[in-house]
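Working notes, structure below.
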Amino acid sequence: MAQSILRLPAVKARTGLSRSTIYLRMSAGDFPRAINLGFRAVGWIEADIESWIARQIERSRSVQPVAR
């Protein structure tokens, strides 16, 4: 099975997150870690990003509305 590596612009487009939010969430352990591609180059494994998106959708849909 071939794996694809996404660079930051593609990750931003798929997640809707800004660069700073991506790195903040990575530091907090709430976002997939980037992999080193070389000097000053990183990327994310596409399957990791897709799994993260699926978890976000599941969390969003499982939240119960607050009773007023």
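In the structure tokens, chains take letters A, B, ... by order of appearance, with residues numbered from 1 within each chain and ligands from 1 in the order shown.
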
Where in segment 8-68 of chain A does DSSP assign strand (DSSP E or B), given as an MDAnalysis selection string?
chainID A and resid 35:38 41:45

Mind dumping the selected residues with N, CA and C atoms as a tab-separated table (two decimals), in the first residue's frame?
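For reference, out.tsv as written:
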```tsv
chain	number	residue	atom	x	y	z
A	35	ILE	N	6.64	14.52	9.97
A	35	ILE	CA	7.85	13.73	9.78
A	35	ILE	C	8.88	14.59	9.06
A	36	ASN	N	10.13	14.36	9.37
A	36	ASN	CA	11.22	15.12	8.77
A	36	ASN	C	11.48	14.60	7.36
A	37	LEU	N	11.47	15.50	6.40
A	37	LEU	CA	11.73	15.14	5.01
A	37	LEU	C	13.11	15.58	4.55
A	38	GLY	N	13.77	16.33	5.36
A	38	GLY	CA	15.09	16.84	5.00
A	38	GLY	C	15.32	18.17	5.69
A	41	ALA	N	12.38	20.81	5.90
A	41	ALA	CA	11.21	20.30	5.20
A	41	ALA	C	10.53	19.21	6.03
A	42	VAL	N	9.23	19.40	6.27
A	42	VAL	CA	8.46	18.39	7.00
A	42	VAL	C	7.19	18.10	6.21
A	43	GLY	N	6.57	16.99	6.57
A	43	GLY	CA	5.30	16.61	5.95
A	43	GLY	C	4.53	15.74	6.91
A	44	TRP	N	3.30	15.47	6.56
A	44	TRP	CA	2.42	14.63	7.38
A	44	TRP	C	1.95	13.45	6.55
A	45	ILE	N	1.85	12.29	7.17
A	45	ILE	CA	1.35	11.13	6.47
A	45	ILE	C	-0.15	11.32	6.26
```

Taking into account only C-alpha atoms, which residue in the set A:Ile22, A:Val63, A:Thr15, A:Gly29 is nearest to Ser51 of chain A?
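Checking each of A:Ile22, A:Val63, A:Thr15, A:Gly29 against Ser51 of chain A, counting only C-alpha atoms, the winner is A:Thr15.
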
Surrounding residues of Gln56 of chain A excluding itself and chain neighbours under 4 positions, 12 Å, only C-alpha atoms, as a ChimeraX atom specification:
/A:15-16,30-31,49-52,60-63

Store the residues picked out above, limited to N, CA, C and O atoms, as a compact mmCIF listing (two decimals), in the first residue's frame.
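Wrote it out as selection_1.txt, contents follow:
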```txt
# COMPACT_ATOMS: atom_id res chain seq x y z
N THR A 15 -7.67 20.44 6.74
CA THR A 15 -8.15 20.55 8.12
C THR A 15 -8.87 21.86 8.40
O THR A 15 -9.64 21.93 9.35
N GLY A 16 -8.57 22.89 7.64
CA GLY A 16 -9.14 24.20 7.92
C GLY A 16 -8.43 24.92 9.05
O GLY A 16 -8.91 25.94 9.53
N ASP A 30 -2.37 16.75 20.31
CA ASP A 30 -3.73 16.66 19.78
C ASP A 30 -3.79 16.67 18.26
O ASP A 30 -4.86 16.85 17.68
N PHE A 31 -2.65 16.50 17.61
CA PHE A 31 -2.59 16.51 16.15
C PHE A 31 -1.43 15.62 15.73
O PHE A 31 -0.43 15.54 16.44
N ILE A 49 -3.58 12.19 8.84
CA ILE A 49 -4.44 13.38 8.76
C ILE A 49 -5.88 12.96 8.55
O ILE A 49 -6.79 13.50 9.20
N GLU A 50 -6.12 11.99 7.68
CA GLU A 50 -7.48 11.52 7.42
C GLU A 50 -8.09 10.90 8.68
O GLU A 50 -9.26 11.11 8.97
N SER A 51 -7.30 10.17 9.44
CA SER A 51 -7.78 9.59 10.71
C SER A 51 -8.13 10.69 11.71
O SER A 51 -9.13 10.60 12.41
N TRP A 52 -7.30 11.70 11.78
CA TRP A 52 -7.55 12.82 12.68
C TRP A 52 -8.86 13.52 12.31
O TRP A 52 -9.68 13.82 13.19
N SER A 60 -17.39 15.65 17.16
CA SER A 60 -18.34 16.73 16.93
C SER A 60 -19.77 16.21 16.94
O SER A 60 -20.67 16.86 17.49
N ARG A 61 -19.98 15.06 16.36
CA ARG A 61 -21.33 14.51 16.26
C ARG A 61 -21.78 13.81 17.53
O ARG A 61 -22.97 13.59 17.72
N SER A 62 -20.85 13.44 18.39
CA SER A 62 -21.22 12.73 19.62
C SER A 62 -21.45 13.65 20.80
O SER A 62 -21.90 13.21 21.83
N VAL A 63 -21.18 14.93 20.66
CA VAL A 63 -21.37 15.89 21.75
C VAL A 63 -22.87 16.12 21.93
O VAL A 63 -23.60 16.40 20.99
```

Using DSSP secondary structure from the backbone, list all helix (DSSP H, G or I) positions within chain A, as a PyMOL selection string.
chain A and resi 8-15+19-28+46-62
